[in-house]
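Chemist: Below is a structure I'd like to ask you about.
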Amino acid sequence: MDLDAVRTFVAVLDAGRFREAADELGVTQQAVSKRVAALERTLGVRLFTRTARGAEPTIDGQAFLPHARELLRVAERAATSVRTGRRPLRVDIIASRGAASGLMRAFHGAHPEIDLDVVMLFSIETAVAAIRSGEIDASFRAVTAPGLPLPEDIASARVLDEDLELLTGPHHALAGARSVTLAELTGHRIWMPGIVPGTEWAAYYDDLVAEFGLTIEATGPNFGSDALLDTVADTPALATFMGGQTRLVWPAGHGLRRIPVTGPKPVYPHSLLWHRDNPHPALATLRSYLDTAAAGQDPAGTWTPGWTNAR
């Protein structure tokens, strides 16, 4: 259906006369008549009756009116959803319970006037391609993995160093510790079924294992965080790593422990990626907000792989 013809129909009905509708639309009266006639042919009915008072809708015109207005509203919403500057700011995060999700919730709380669309893409390759195509405006990625340099048109900034914590069940040998060093974790089984080979987080944990002699197992299917928590709670020999800002909820009977890791403190470096030429006005607001949030972090005594992007 021709939306210009639908818009013209509504304009004539609102104005009451073809001439006034033409003035409002910035076209000739003849163009208005042609559009209305074309719409009537498409629908197979008459929409107006000309009278001395102007143009009055027929019964069919009255029946069509609410649908015509809804068509125009839908068209406007569709156009707004893709217009840079008018559409919501689209930001990719890896997981709904992770630190990036917390940052975006805090950003939304500080700037409720900015419309947001939050999406979850899997790989950094997919995220970079979506940024370059304009499908998204920014992406939170843990690190830029070795062998995957960012294209020149993609900018990045390190925005959050998230402390790693050891998560154990109540009967684990380290369950009573107030903190543990990386050296003390040598020989303990750390189970992380969510590690996927080739991802940036797999590269991070590969370097952590290589540098500190840890044992990280990624065996078994990944049934999600709830299944992971159940298994760790029931298995004294297993522990897992969790980001310190990851939101977790478990049954009271699980008795899980979140234990800080030190000596040095491993941190997971989250970065924001965006296209250097992205014109969305809210992107600058997000970057400024994240710069302020990152300013208070102290990198002293922390560990990250040598190939992570600088702050």
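Letters for chains follow the order of the structure tokens (A, B, ...), residue numbers begin at 1 for each chain, and ligand numbers begin at 1 in the order shown.
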Could you give me, as a PDB file with N, CA and C atoms, in the first residue's frame, the residues within 8 Å of Ala293 in chain A, counting only C-alpha atoms and dropping anything in the same chain fewer than 4 positions from it?

Modeler:
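Output saved as around_8.pdb:
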ATOM      1  N   VAL A 159      37.602  -0.051  29.738  1.00  0.00           N
ATOM      2  CA  VAL A 159      36.663   0.681  30.581  1.00  0.00           C
ATOM      3  C   VAL A 159      36.434   0.041  31.942  1.00  0.00           C
ATOM      4  N   LEU A 160      36.840  -1.210  32.119  1.00  0.00           N
ATOM      5  CA  LEU A 160      36.614  -1.852  33.407  1.00  0.00           C
ATOM      6  C   LEU A 160      37.586  -3.002  33.598  1.00  0.00           C
ATOM      7  N   TYR A 289      30.717   8.597  30.099  1.00  0.00           N
ATOM      8  CA  TYR A 289      30.303   7.948  31.344  1.00  0.00           C
ATOM      9  C   TYR A 289      31.278   6.839  31.721  1.00  0.00           C
TER      10      TYR A 289
END

Chemist: Fewer than 6 positions away in the same chain doesn't count, so skip those; otherwise give me all residues within 8 Å of range 85-99 of chain A, counting only C-alpha atoms, as a PyMOL selection string.

Modeler: chain A and resi 114-122+127+135-141+162+243+245-248+279-283

Chemist: Which residues come within 12 Å of Leu166 in chain A, counting only C-alpha atoms, excluding same-chain residues fewer than 4 positions away, as a ChimeraX atom specification?

Modeler: /A:172,174-182,184-185,188-192,232,238-244,256-262,265-266

Chemist: Write the residues of the selection above to a file with N, CA, C and O atoms, as a tab-separated table (two decimals), in the first residue's frame.

Modeler:
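Full text of out05.tsv as output:
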chain	number	residue	atom	x	y	z
A	172	HIS	N	34.75	-27.42	50.02
A	172	HIS	CA	36.02	-27.31	49.30
A	172	HIS	C	37.15	-27.01	50.27
A	172	HIS	O	36.93	-26.37	51.32
A	174	LEU	N	39.42	-24.88	50.18
A	174	LEU	CA	39.69	-23.45	50.34
A	174	LEU	C	38.45	-22.65	50.76
A	174	LEU	O	38.49	-21.43	50.81
A	175	ALA	N	37.37	-23.34	51.09
A	175	ALA	CA	36.11	-22.67	51.37
A	175	ALA	C	36.20	-21.69	52.54
A	175	ALA	O	35.49	-20.68	52.57
A	176	GLY	N	37.06	-21.96	53.50
A	176	GLY	CA	37.16	-21.08	54.67
A	176	GLY	C	38.14	-19.94	54.52
A	176	GLY	O	38.29	-19.12	55.44
A	177	ALA	N	38.84	-19.85	53.37
A	177	ALA	CA	39.86	-18.81	53.18
A	177	ALA	C	39.22	-17.45	52.96
A	177	ALA	O	38.20	-17.33	52.28
A	178	ARG	N	39.83	-16.42	53.54
A	178	ARG	CA	39.36	-15.05	53.30
A	178	ARG	C	39.83	-14.55	51.95
A	178	ARG	O	39.21	-13.69	51.33
A	179	SER	N	40.97	-15.07	51.47
A	179	SER	CA	41.48	-14.80	50.13
A	179	SER	C	42.45	-15.92	49.77
A	179	SER	O	42.92	-16.65	50.66
A	180	VAL	N	42.72	-16.08	48.49
A	180	VAL	CA	43.68	-17.09	48.05
A	180	VAL	C	44.60	-16.45	47.03
A	180	VAL	O	44.21	-15.55	46.28
A	181	THR	N	45.86	-16.92	47.02
A	181	THR	CA	46.79	-16.45	46.00
A	181	THR	C	46.73	-17.39	44.81
A	181	THR	O	46.28	-18.53	44.90
A	182	LEU	N	47.24	-16.91	43.69
A	182	LEU	CA	47.28	-17.75	42.50
A	182	LEU	C	48.16	-18.98	42.75
A	182	LEU	O	47.86	-20.07	42.27
A	184	GLU	N	48.46	-20.60	45.52
A	184	GLU	CA	47.71	-21.56	46.33
A	184	GLU	C	46.69	-22.34	45.50
A	184	GLU	O	46.21	-23.39	45.95
A	185	LEU	N	46.36	-21.86	44.31
A	185	LEU	CA	45.41	-22.55	43.45
A	185	LEU	C	46.05	-23.66	42.63
A	185	LEU	O	45.34	-24.44	41.99
A	188	HIS	N	44.63	-27.40	42.29
A	188	HIS	CA	43.18	-27.46	42.46
A	188	HIS	C	42.48	-27.46	41.10
A	188	HIS	O	42.94	-26.81	40.15
A	189	ARG	N	41.38	-28.18	41.00
A	189	ARG	CA	40.62	-28.27	39.75
A	189	ARG	C	39.65	-27.09	39.65
A	189	ARG	O	38.78	-26.92	40.51
A	190	ILE	N	39.83	-26.31	38.61
A	190	ILE	CA	38.95	-25.18	38.35
A	190	ILE	C	38.15	-25.52	37.10
A	190	ILE	O	38.70	-25.72	36.02
A	191	TRP	N	36.84	-25.65	37.27
A	191	TRP	CA	35.97	-26.12	36.19
A	191	TRP	C	35.23	-24.95	35.57
A	191	TRP	O	34.53	-24.21	36.27
A	192	MET	N	35.40	-24.76	34.25
A	192	MET	CA	34.77	-23.64	33.54
A	192	MET	C	34.26	-24.13	32.20
A	192	MET	O	34.90	-23.94	31.15
A	232	VAL	N	29.22	-27.17	41.47
A	232	VAL	CA	30.27	-26.69	42.38
A	232	VAL	C	29.84	-26.87	43.83
A	232	VAL	O	30.63	-27.26	44.70
A	238	LEU	N	35.81	-29.41	43.15
A	238	LEU	CA	35.71	-28.45	42.06
A	238	LEU	C	35.53	-27.03	42.58
A	238	LEU	O	34.88	-26.80	43.61
A	239	ALA	N	36.10	-26.10	41.85
A	239	ALA	CA	35.86	-24.67	42.05
A	239	ALA	C	35.76	-24.04	40.67
A	239	ALA	O	36.04	-24.70	39.65
A	240	THR	N	35.39	-22.79	40.61
A	240	THR	CA	35.33	-22.10	39.32
A	240	THR	C	35.68	-20.65	39.53
A	240	THR	O	35.68	-20.14	40.66
A	241	PHE	N	36.04	-19.97	38.44
A	241	PHE	CA	36.29	-18.54	38.48
A	241	PHE	C	35.01	-17.80	38.09
A	241	PHE	O	34.28	-18.22	37.19
A	242	MET	N	34.77	-16.69	38.77
A	242	MET	CA	33.67	-15.80	38.43
A	242	MET	C	34.16	-14.36	38.48
A	242	MET	O	35.02	-14.02	39.31
A	243	GLY	N	33.62	-13.54	37.60
A	243	GLY	CA	33.92	-12.12	37.69
A	243	GLY	C	33.32	-11.54	38.96
A	243	GLY	O	32.21	-11.90	39.36
A	244	GLY	N	34.06	-10.65	39.60
A	244	GLY	CA	33.59	-10.08	40.86
A	244	GLY	C	32.30	-9.31	40.72
A	244	GLY	O	31.58	-9.12	41.71
A	256	LEU	N	27.59	-21.57	48.92
A	256	LEU	CA	28.74	-21.23	48.08
A	256	LEU	C	29.55	-20.09	48.68
A	256	LEU	O	29.03	-19.25	49.42
A	257	ARG	N	30.84	-20.06	48.36
A	257	ARG	CA	31.76	-19.03	48.85
A	257	ARG	C	32.36	-18.29	47.66
A	257	ARG	O	32.80	-18.92	46.70
A	258	ARG	N	32.40	-16.97	47.73
A	258	ARG	CA	33.10	-16.15	46.74
A	258	ARG	C	34.35	-15.62	47.42
A	258	ARG	O	34.28	-14.85	48.38
A	259	ILE	N	35.51	-16.01	46.91
A	259	ILE	CA	36.79	-15.74	47.58
A	259	ILE	C	37.67	-14.88	46.68
A	259	ILE	O	37.94	-15.26	45.53
A	260	PRO	N	38.15	-13.73	47.15
A	260	PRO	CA	39.05	-12.89	46.35
A	260	PRO	C	40.35	-13.63	46.03
A	260	PRO	O	40.85	-14.42	46.83
A	261	VAL	N	40.89	-13.36	44.84
A	261	VAL	CA	42.15	-13.96	44.40
A	261	VAL	C	43.21	-12.86	44.36
A	261	VAL	O	42.97	-11.77	43.84
A	262	THR	N	44.40	-13.16	44.90
A	262	THR	CA	45.47	-12.16	45.00
A	262	THR	C	46.79	-12.75	44.51
A	262	THR	O	46.86	-13.89	44.10
A	265	LYS	N	46.61	-9.92	41.67
A	265	LYS	CA	45.17	-10.03	41.52
A	265	LYS	C	44.84	-10.09	40.02
A	265	LYS	O	45.07	-9.13	39.29
A	266	PRO	N	44.31	-11.23	39.54
A	266	PRO	CA	43.93	-11.29	38.12
A	266	PRO	C	42.67	-10.47	37.87
A	266	PRO	O	41.69	-10.59	38.60

Chemist: Give me, as an mmCIF file with N, CA and C atoms, in the first residue's frame, all polymer residues having an atom no more than 12 Å from range 295-299 of chain A, counting only C-alpha atoms and skipping those fewer than 3 positions away in the same chain.

Modeler:
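Below is the file that was written, around_27.cif:
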data_model
loop_
_atom_site.group_PDB
_atom_site.id
_atom_site.type_symbol
_atom_site.label_atom_id
_atom_site.label_comp_id
_atom_site.auth_asym_id
_atom_site.auth_seq_id
_atom_site.Cartn_x
_atom_site.Cartn_y
_atom_site.Cartn_z
ATOM 1 N N ARG A 158 39.724 0.657 27.146
ATOM 2 C CA ARG A 158 39.550 -0.215 28.298
ATOM 3 C C ARG A 158 38.728 0.541 29.332
ATOM 4 N N VAL A 159 37.602 -0.051 29.738
ATOM 5 C CA VAL A 159 36.663 0.681 30.581
ATOM 6 C C VAL A 159 36.434 0.041 31.942
ATOM 7 N N LEU A 160 36.840 -1.210 32.119
ATOM 8 C CA LEU A 160 36.614 -1.852 33.407
ATOM 9 C C LEU A 160 37.586 -3.002 33.598
ATOM 10 N N ASP A 161 38.304 -2.998 34.722
ATOM 11 C CA ASP A 161 39.108 -4.135 35.144
ATOM 12 C C ASP A 161 38.335 -4.849 36.243
ATOM 13 N N GLU A 162 37.827 -6.030 35.915
ATOM 14 C CA GLU A 162 36.966 -6.767 36.835
ATOM 15 C C GLU A 162 37.765 -7.831 37.578
ATOM 16 N N ASP A 163 37.785 -7.756 38.906
ATOM 17 C CA ASP A 163 38.503 -8.747 39.703
ATOM 18 C C ASP A 163 37.917 -10.136 39.496
ATOM 19 N N PRO A 264 49.602 -12.008 42.028
ATOM 20 C CA PRO A 264 48.867 -10.751 41.867
ATOM 21 C C PRO A 264 47.375 -11.007 41.672
ATOM 22 N N LYS A 265 46.610 -9.917 41.670
ATOM 23 C CA LYS A 265 45.171 -10.027 41.516
ATOM 24 C C LYS A 265 44.836 -10.095 40.019
ATOM 25 N N PRO A 266 44.306 -11.233 39.536
ATOM 26 C CA PRO A 266 43.934 -11.286 38.118
ATOM 27 C C PRO A 266 42.672 -10.472 37.865
ATOM 28 N N VAL A 267 42.711 -9.636 36.861
ATOM 29 C CA VAL A 267 41.540 -8.838 36.494
ATOM 30 C C VAL A 267 41.204 -9.113 35.042
ATOM 31 N N TYR A 268 39.933 -9.062 34.773
ATOM 32 C CA TYR A 268 39.425 -9.332 33.428
ATOM 33 C C TYR A 268 39.174 -7.995 32.755
ATOM 34 N N PRO A 269 39.930 -7.630 31.724
ATOM 35 C CA PRO A 269 39.867 -6.270 31.168
ATOM 36 C C PRO A 269 38.757 -6.128 30.121
ATOM 37 N N SER A 288 31.855 8.949 27.576
ATOM 38 C CA SER A 288 32.218 9.853 28.669
ATOM 39 C C SER A 288 31.873 9.234 30.017
ATOM 40 N N TYR A 289 30.717 8.597 30.099
ATOM 41 C CA TYR A 289 30.303 7.948 31.344
ATOM 42 C C TYR A 289 31.278 6.839 31.721
ATOM 43 N N LEU A 290 31.669 6.030 30.746
ATOM 44 C CA LEU A 290 32.577 4.917 31.031
ATOM 45 C C LEU A 290 33.979 5.415 31.369
ATOM 46 N N ASP A 291 34.415 6.507 30.736
ATOM 47 C CA ASP A 291 35.717 7.083 31.085
ATOM 48 C C ASP A 291 35.745 7.500 32.550
ATOM 49 N N THR A 292 34.665 8.092 33.007
ATOM 50 C CA THR A 292 34.588 8.507 34.412
ATOM 51 C C THR A 292 34.593 7.300 35.336
ATOM 52 N N THR A 302 47.881 -5.863 39.800
ATOM 53 C CA THR A 302 46.949 -6.687 39.043
ATOM 54 C C THR A 302 47.678 -7.397 37.907
ATOM 55 N N TRP A 303 47.003 -8.403 37.352
ATOM 56 C CA TRP A 303 47.564 -9.146 36.212
ATOM 57 C C TRP A 303 46.548 -9.202 35.092
ATOM 58 N N THR A 304 47.037 -8.952 33.870
ATOM 59 C CA THR A 304 46.293 -9.211 32.646
ATOM 60 C C THR A 304 47.299 -9.743 31.633
ATOM 61 N N ALA A 310 45.835 -1.413 25.960
ATOM 62 C CA ALA A 310 46.198 -0.540 27.075
ATOM 63 C C ALA A 310 45.015 0.301 27.513
ATOM 64 N N ARG A 311 45.081 0.779 28.746
ATOM 65 C CA ARG A 311 44.012 1.626 29.255
ATOM 66 C C ARG A 311 44.213 3.033 28.769
#

Chemist: Contacts of Gly220 in chain A at 12 Å or less, counting only C-alpha atoms, minus same-chain residues fewer than 3 places along, as a compact mmCIF listing (two decimals) with N, CA, C and O atoms, in the first residue's frame?

Modeler:
# COMPACT_ATOMS: atom_id res chain seq x y z
N TRP A 191 36.84 -25.65 37.27
CA TRP A 191 35.97 -26.12 36.19
C TRP A 191 35.23 -24.95 35.57
O TRP A 191 34.53 -24.21 36.27
N MET A 192 35.40 -24.76 34.25
CA MET A 192 34.77 -23.64 33.54
C MET A 192 34.26 -24.13 32.20
O MET A 192 34.90 -23.94 31.15
N PRO A 193 33.09 -24.77 32.18
CA PRO A 193 32.57 -25.32 30.92
C PRO A 193 32.16 -24.26 29.91
O PRO A 193 31.88 -24.59 28.76
N GLY A 194 32.11 -23.01 30.29
CA GLY A 194 31.71 -21.96 29.35
C GLY A 194 32.84 -21.45 28.48
O GLY A 194 32.63 -20.58 27.64
N ILE A 195 34.07 -21.97 28.67
CA ILE A 195 35.19 -21.51 27.84
C ILE A 195 35.08 -22.15 26.46
O ILE A 195 35.04 -23.37 26.32
N VAL A 196 35.03 -21.31 25.43
CA VAL A 196 34.90 -21.79 24.06
C VAL A 196 36.20 -21.50 23.31
O VAL A 196 36.63 -20.34 23.26
N GLU A 217 39.65 -26.78 33.69
CA GLU A 217 38.98 -27.79 32.86
C GLU A 217 37.73 -27.18 32.23
O GLU A 217 36.92 -26.57 32.92
N PHE A 223 25.58 -26.05 30.57
CA PHE A 223 24.15 -25.95 30.80
C PHE A 223 23.75 -24.62 31.44
O PHE A 223 22.63 -24.46 31.89
N GLY A 224 24.70 -23.67 31.51
CA GLY A 224 24.39 -22.38 32.09
C GLY A 224 24.86 -22.25 33.53
O GLY A 224 25.32 -23.21 34.15
N ALA A 227 23.32 -24.59 36.47
CA ALA A 227 23.88 -25.95 36.54
C ALA A 227 25.30 -25.92 37.06
O ALA A 227 25.72 -26.81 37.83
N LEU A 228 26.06 -24.90 36.69
CA LEU A 228 27.43 -24.77 37.19
C LEU A 228 27.44 -24.60 38.71
O LEU A 228 28.23 -25.25 39.42
N THR A 231 26.65 -27.89 40.52
CA THR A 231 27.75 -28.85 40.50
C THR A 231 28.86 -28.44 41.46
O THR A 231 29.39 -29.28 42.21

Chemist: From range 124-261 of chain A, collect each residue whose DSSP state is alpha helix (DSSP H) and return the set as an mmCIF file with N, CA and C atoms, in the first residue's frame.

Modeler:
data_model
loop_
_atom_site.group_PDB
_atom_site.id
_atom_site.type_symbol
_atom_site.label_atom_id
_atom_site.label_comp_id
_atom_site.auth_asym_id
_atom_site.auth_seq_id
_atom_site.Cartn_x
_atom_site.Cartn_y
_atom_site.Cartn_z
ATOM 1 N N ILE A 124 33.762 -11.993 19.007
ATOM 2 C CA ILE A 124 34.261 -10.652 18.725
ATOM 3 C C ILE A 124 34.226 -10.373 17.228
ATOM 4 N N GLU A 125 34.408 -11.416 16.392
ATOM 5 C CA GLU A 125 34.321 -11.216 14.950
ATOM 6 C C GLU A 125 32.925 -10.744 14.551
ATOM 7 N N THR A 126 31.899 -11.368 15.136
ATOM 8 C CA THR A 126 30.521 -10.973 14.847
ATOM 9 C C THR A 126 30.263 -9.543 15.313
ATOM 10 N N ALA A 127 30.780 -9.209 16.496
ATOM 11 C CA ALA A 127 30.568 -7.864 17.040
ATOM 12 C C ALA A 127 31.240 -6.806 16.171
ATOM 13 N N VAL A 128 32.478 -7.054 15.758
ATOM 14 C CA VAL A 128 33.196 -6.085 14.924
ATOM 15 C C VAL A 128 32.477 -5.895 13.591
ATOM 16 N N ALA A 129 32.018 -7.001 12.995
ATOM 17 C CA ALA A 129 31.287 -6.892 11.727
ATOM 18 C C ALA A 129 30.001 -6.083 11.903
ATOM 19 N N ALA A 130 29.308 -6.271 13.025
ATOM 20 C CA ALA A 130 28.070 -5.535 13.284
ATOM 21 C C ALA A 130 28.346 -4.054 13.511
ATOM 22 N N ILE A 131 29.461 -3.735 14.151
ATOM 23 C CA ILE A 131 29.841 -2.331 14.344
ATOM 24 C C ILE A 131 30.143 -1.679 12.992
ATOM 25 N N ARG A 132 30.880 -2.389 12.150
ATOM 26 C CA ARG A 132 31.284 -1.817 10.859
ATOM 27 C C ARG A 132 30.097 -1.633 9.924
ATOM 28 N N SER A 133 29.097 -2.512 10.046
ATOM 29 C CA SER A 133 27.921 -2.402 9.180
ATOM 30 C C SER A 133 26.895 -1.403 9.703
ATOM 31 N N GLU A 200 37.825 -14.639 22.882
ATOM 32 C CA GLU A 200 38.780 -13.809 23.609
ATOM 33 C C GLU A 200 38.912 -14.232 25.059
ATOM 34 N N TRP A 201 37.832 -14.757 25.660
ATOM 35 C CA TRP A 201 37.955 -15.182 27.051
ATOM 36 C C TRP A 201 38.749 -16.490 27.157
ATOM 37 N N ALA A 202 38.694 -17.335 26.132
ATOM 38 C CA ALA A 202 39.539 -18.534 26.127
ATOM 39 C C ALA A 202 41.006 -18.141 26.063
ATOM 40 N N ALA A 203 41.332 -17.132 25.257
ATOM 41 C CA ALA A 203 42.716 -16.661 25.170
ATOM 42 C C ALA A 203 43.189 -16.116 26.510
ATOM 43 N N TYR A 204 42.309 -15.422 27.211
ATOM 44 C CA TYR A 204 42.659 -14.878 28.525
ATOM 45 C C TYR A 204 43.020 -16.004 29.498
ATOM 46 N N TYR A 205 42.151 -17.007 29.599
ATOM 47 C CA TYR A 205 42.393 -18.083 30.561
ATOM 48 C C TYR A 205 43.548 -18.981 30.139
ATOM 49 N N ASP A 206 43.814 -19.110 28.830
ATOM 50 C CA ASP A 206 44.988 -19.853 28.381
ATOM 51 C C ASP A 206 46.263 -19.212 28.918
ATOM 52 N N ASP A 207 46.341 -17.884 28.861
ATOM 53 C CA ASP A 207 47.527 -17.200 29.374
ATOM 54 C C ASP A 207 47.612 -17.272 30.893
ATOM 55 N N LEU A 208 46.462 -17.222 31.569
ATOM 56 C CA LEU A 208 46.457 -17.335 33.028
ATOM 57 C C LEU A 208 46.996 -18.707 33.446
ATOM 58 N N VAL A 209 46.563 -19.749 32.772
ATOM 59 C CA VAL A 209 47.040 -21.104 33.056
ATOM 60 C C VAL A 209 48.532 -21.215 32.792
ATOM 61 N N ALA A 210 48.987 -20.693 31.650
ATOM 62 C CA ALA A 210 50.387 -20.820 31.267
ATOM 63 C C ALA A 210 51.315 -20.082 32.224
ATOM 64 N N GLU A 211 50.881 -18.924 32.714
ATOM 65 C CA GLU A 211 51.767 -18.118 33.552
ATOM 66 C C GLU A 211 51.812 -18.589 34.999
ATOM 67 N N PHE A 212 50.711 -19.162 35.512
ATOM 68 C CA PHE A 212 50.670 -19.490 36.934
ATOM 69 C C PHE A 212 50.496 -20.986 37.205
ATOM 70 N N SER A 225 24.709 -21.044 34.061
ATOM 71 C CA SER A 225 25.261 -20.748 35.379
ATOM 72 C C SER A 225 24.564 -21.519 36.493
ATOM 73 N N ASP A 226 23.260 -21.763 36.371
ATOM 74 C CA ASP A 226 22.558 -22.482 37.439
ATOM 75 C C ASP A 226 23.109 -23.894 37.601
ATOM 76 N N ALA A 227 23.324 -24.588 36.474
ATOM 77 C CA ALA A 227 23.876 -25.946 36.541
ATOM 78 C C ALA A 227 25.300 -25.922 37.063
ATOM 79 N N LEU A 228 26.062 -24.897 36.693
ATOM 80 C CA LEU A 228 27.434 -24.770 37.186
ATOM 81 C C LEU A 228 27.445 -24.600 38.706
ATOM 82 N N LEU A 229 26.575 -23.750 39.216
ATOM 83 C CA LEU A 229 26.510 -23.524 40.662
ATOM 84 C C LEU A 229 26.095 -24.787 41.401
ATOM 85 N N ASP A 230 25.145 -25.530 40.846
ATOM 86 C CA ASP A 230 24.710 -26.783 41.473
ATOM 87 C C ASP A 230 25.880 -27.760 41.589
ATOM 88 N N THR A 231 26.652 -27.888 40.515
ATOM 89 C CA THR A 231 27.748 -28.847 40.502
ATOM 90 C C THR A 231 28.857 -28.443 41.464
ATOM 91 N N VAL A 232 29.217 -27.168 41.472
ATOM 92 C CA VAL A 232 30.273 -26.694 42.381
ATOM 93 C C VAL A 232 29.837 -26.871 43.834
ATOM 94 N N ALA A 233 28.564 -26.603 44.116
ATOM 95 C CA ALA A 233 28.076 -26.751 45.492
ATOM 96 C C ALA A 233 28.148 -28.199 45.961
ATOM 97 N N ASP A 234 27.931 -29.156 45.046
ATOM 98 C CA ASP A 234 27.859 -30.569 45.416
ATOM 99 C C ASP A 234 29.184 -31.313 45.279
#

Chemist: Please indicate the distance in Å from CA of Glu70 in chain A to CA of Leu39 in chain A, rounded to one decimal place.

Modeler: 16.1 Å
